[in-house]
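A short worksheet on the structure shown next.
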Amino acid sequence: MTESAKPESAVPEYNKPLPVLTDENRPFWDACRSGRLSFQCCSGCGHLRYPISPFCPECLSADFAWTPVSGRGTVFASVVFHQAYHPGFKQEVPYNVALIQLEEGPRMYSNVVGVPPREVRVGDLVEVIFDPVTTEITVPRFRPRGTAT
Ligand SMILES: [Zn+2]
């Protein structure tokens with residue numbers, strides 16, 4: 001790669017799987033890049049849908065508006081991965097994978113970072129942080145609430 005082809009904000013090479021951006025999911029990832037967690041809010045019934053989908057699972061409406069949420073939640077479930085199932089995670093083990101119950105309703109899989117993986121407990125209060133892993137993708141992760149960066 002030539003120096004001129006490298007964007008100024010380039011981050012170190014990221015070798016883990018990345019989401020494939022589509023017209024459907026791009027607003028979610030654009031919001032993450034801007035430091036906001038945003039979900040589809042159904043125009044028919046107000047349900048916040050996640051995972052991203054073309055229809056509301058509650059009322060089947062196709063209409064929605066992207067709506068930012070607080071990013072606050074609690075740990076609903078937590079596990080520690082000791083084995084790398086993808087070569088990109090070899091340097092990460094052991095690492096935490098958690099299901100986060102967001103205050104507004106949706107649950108999302110993520111990582112709780114900033115604490116040893118084994119110390120993450122169900123019920124822990126967490127808040128979203130944004131990890132820019134490439135110039136295009138910023139991954140939402142969580143940290144214990146009230147901790148500094
Ligand atoms: Zn709905």
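Residues in the structure tokens are numbered from 1 in each chain, the chains being A, B, ... in the order shown, and ligands are numbered from 1 in the order shown.
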
Let me have all residues with an atom within 9 Å of ligand 1, counting only C-alpha atoms and all ligand atoms, laid out as JSON, numbers by chain. {"A": [41, 42, 43, 44, 45, 46, 47, 48, 49, 55, 56, 57, 58, 59, 60, 61, 62, 63, 64]}

Next, dump the selected residues to file, keeping only N, CA and C atoms, as a short mmCIF file (atom, residue, chain, number, x, y, z; two decimals), in the first residue's frame.
data_model
loop_
_atom_site.label_atom_id
_atom_site.label_comp_id
_atom_site.auth_asym_id
_atom_site.auth_seq_id
_atom_site.Cartn_x
_atom_site.Cartn_y
_atom_site.Cartn_z
N CYS A 41 -36.78 2.04 15.37
CA CYS A 41 -37.97 2.15 16.21
C CYS A 41 -39.18 2.04 15.28
N CYS A 42 -40.01 1.04 15.54
CA CYS A 42 -41.16 0.77 14.68
C CYS A 42 -42.14 1.95 14.70
N SER A 43 -42.52 2.41 13.50
CA SER A 43 -43.49 3.50 13.41
C SER A 43 -44.90 3.02 13.73
N GLY A 44 -45.12 1.71 13.65
CA GLY A 44 -46.44 1.16 13.92
C GLY A 44 -46.72 1.00 15.41
N CYS A 45 -45.73 0.46 16.15
CA CYS A 45 -46.00 0.12 17.56
C CYS A 45 -44.93 0.62 18.53
N GLY A 46 -43.87 1.24 18.02
CA GLY A 46 -42.85 1.78 18.91
C GLY A 46 -41.82 0.77 19.38
N HIS A 47 -41.93 -0.48 18.93
CA HIS A 47 -40.97 -1.51 19.34
C HIS A 47 -39.59 -1.18 18.78
N LEU A 48 -38.55 -1.29 19.63
CA LEU A 48 -37.18 -1.12 19.16
C LEU A 48 -36.69 -2.46 18.67
N ARG A 49 -36.36 -2.54 17.35
CA ARG A 49 -35.97 -3.84 16.87
C ARG A 49 -34.46 -4.02 16.75
N PHE A 55 -38.82 -5.99 8.87
CA PHE A 55 -40.18 -5.93 9.42
C PHE A 55 -40.14 -6.00 10.94
N CYS A 56 -41.09 -5.35 11.57
CA CYS A 56 -41.20 -5.39 13.03
C CYS A 56 -41.65 -6.79 13.46
N PRO A 57 -40.92 -7.43 14.39
CA PRO A 57 -41.34 -8.76 14.85
C PRO A 57 -42.61 -8.73 15.69
N GLU A 58 -43.01 -7.53 16.14
CA GLU A 58 -44.21 -7.42 16.98
C GLU A 58 -45.47 -7.18 16.16
N CYS A 59 -45.39 -6.27 15.16
CA CYS A 59 -46.61 -5.90 14.43
C CYS A 59 -46.47 -6.04 12.92
N LEU A 60 -45.28 -6.46 12.45
CA LEU A 60 -45.00 -6.71 11.03
C LEU A 60 -44.96 -5.45 10.17
N SER A 61 -44.98 -4.29 10.79
CA SER A 61 -44.86 -3.06 10.01
C SER A 61 -43.45 -2.98 9.43
N ALA A 62 -43.36 -2.41 8.22
CA ALA A 62 -42.06 -2.20 7.59
C ALA A 62 -41.53 -0.79 7.87
N ASP A 63 -42.33 0.04 8.51
CA ASP A 63 -41.95 1.45 8.72
C ASP A 63 -41.20 1.60 10.05
N PHE A 64 -40.18 2.41 10.03
CA PHE A 64 -39.39 2.63 11.25
C PHE A 64 -38.60 3.91 11.10
#

Sorted by chain and rising residue number, list the residues of stretch 40-77 of chain A at most 8 Å from stretch 119-139 of chain A (counting only C-alpha atoms), each with its closest atom pair and distance in Å to one decimal, as a Markdown table.
| residue | atom | partner | partner_atom | distance |
| --- | --- | --- | --- | --- |
| A:Gly71 | CA | A:Val128 | CA | 4.9 |
| A:Arg72 | CA | A:Glu127 | CA | 4.4 |
| A:Gly73 | CA | A:Val126 | CA | 5.4 |
| A:Thr74 | CA | A:Leu125 | CA | 4.6 |
| A:Val75 | CA | A:Val122 | CA | 4.9 |
| A:Phe76 | CA | A:Val122 | CA | 5.4 |
| A:Ala77 | CA | A:Val122 | CA | 5.6 |

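If you measure from each of A:Gly114, A:Pro68, A:Pro54, A:Gly146 to A:Gly35 using only C-alpha atoms, the closest one turns out to be A:Pro68.
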
For atom CA of A:Leu37 and atom CA of A:Gln83, quote the distance in Å rounded to one decimal.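 Interatomic distance, atom CA of A:Leu37 to atom CA of A:Gln83: 29.2 Å.
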
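Rounded to one decimal, atom CA of A:Gly88 and atom CA of A:Ile100 lie 23.1 Å from each other.
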
Counting only C-alpha atoms, figure out which residue out of A:Phe142, A:Thr22, A:Tyr85, A:Val115 gets nearest to A:Ala98. A:Phe142
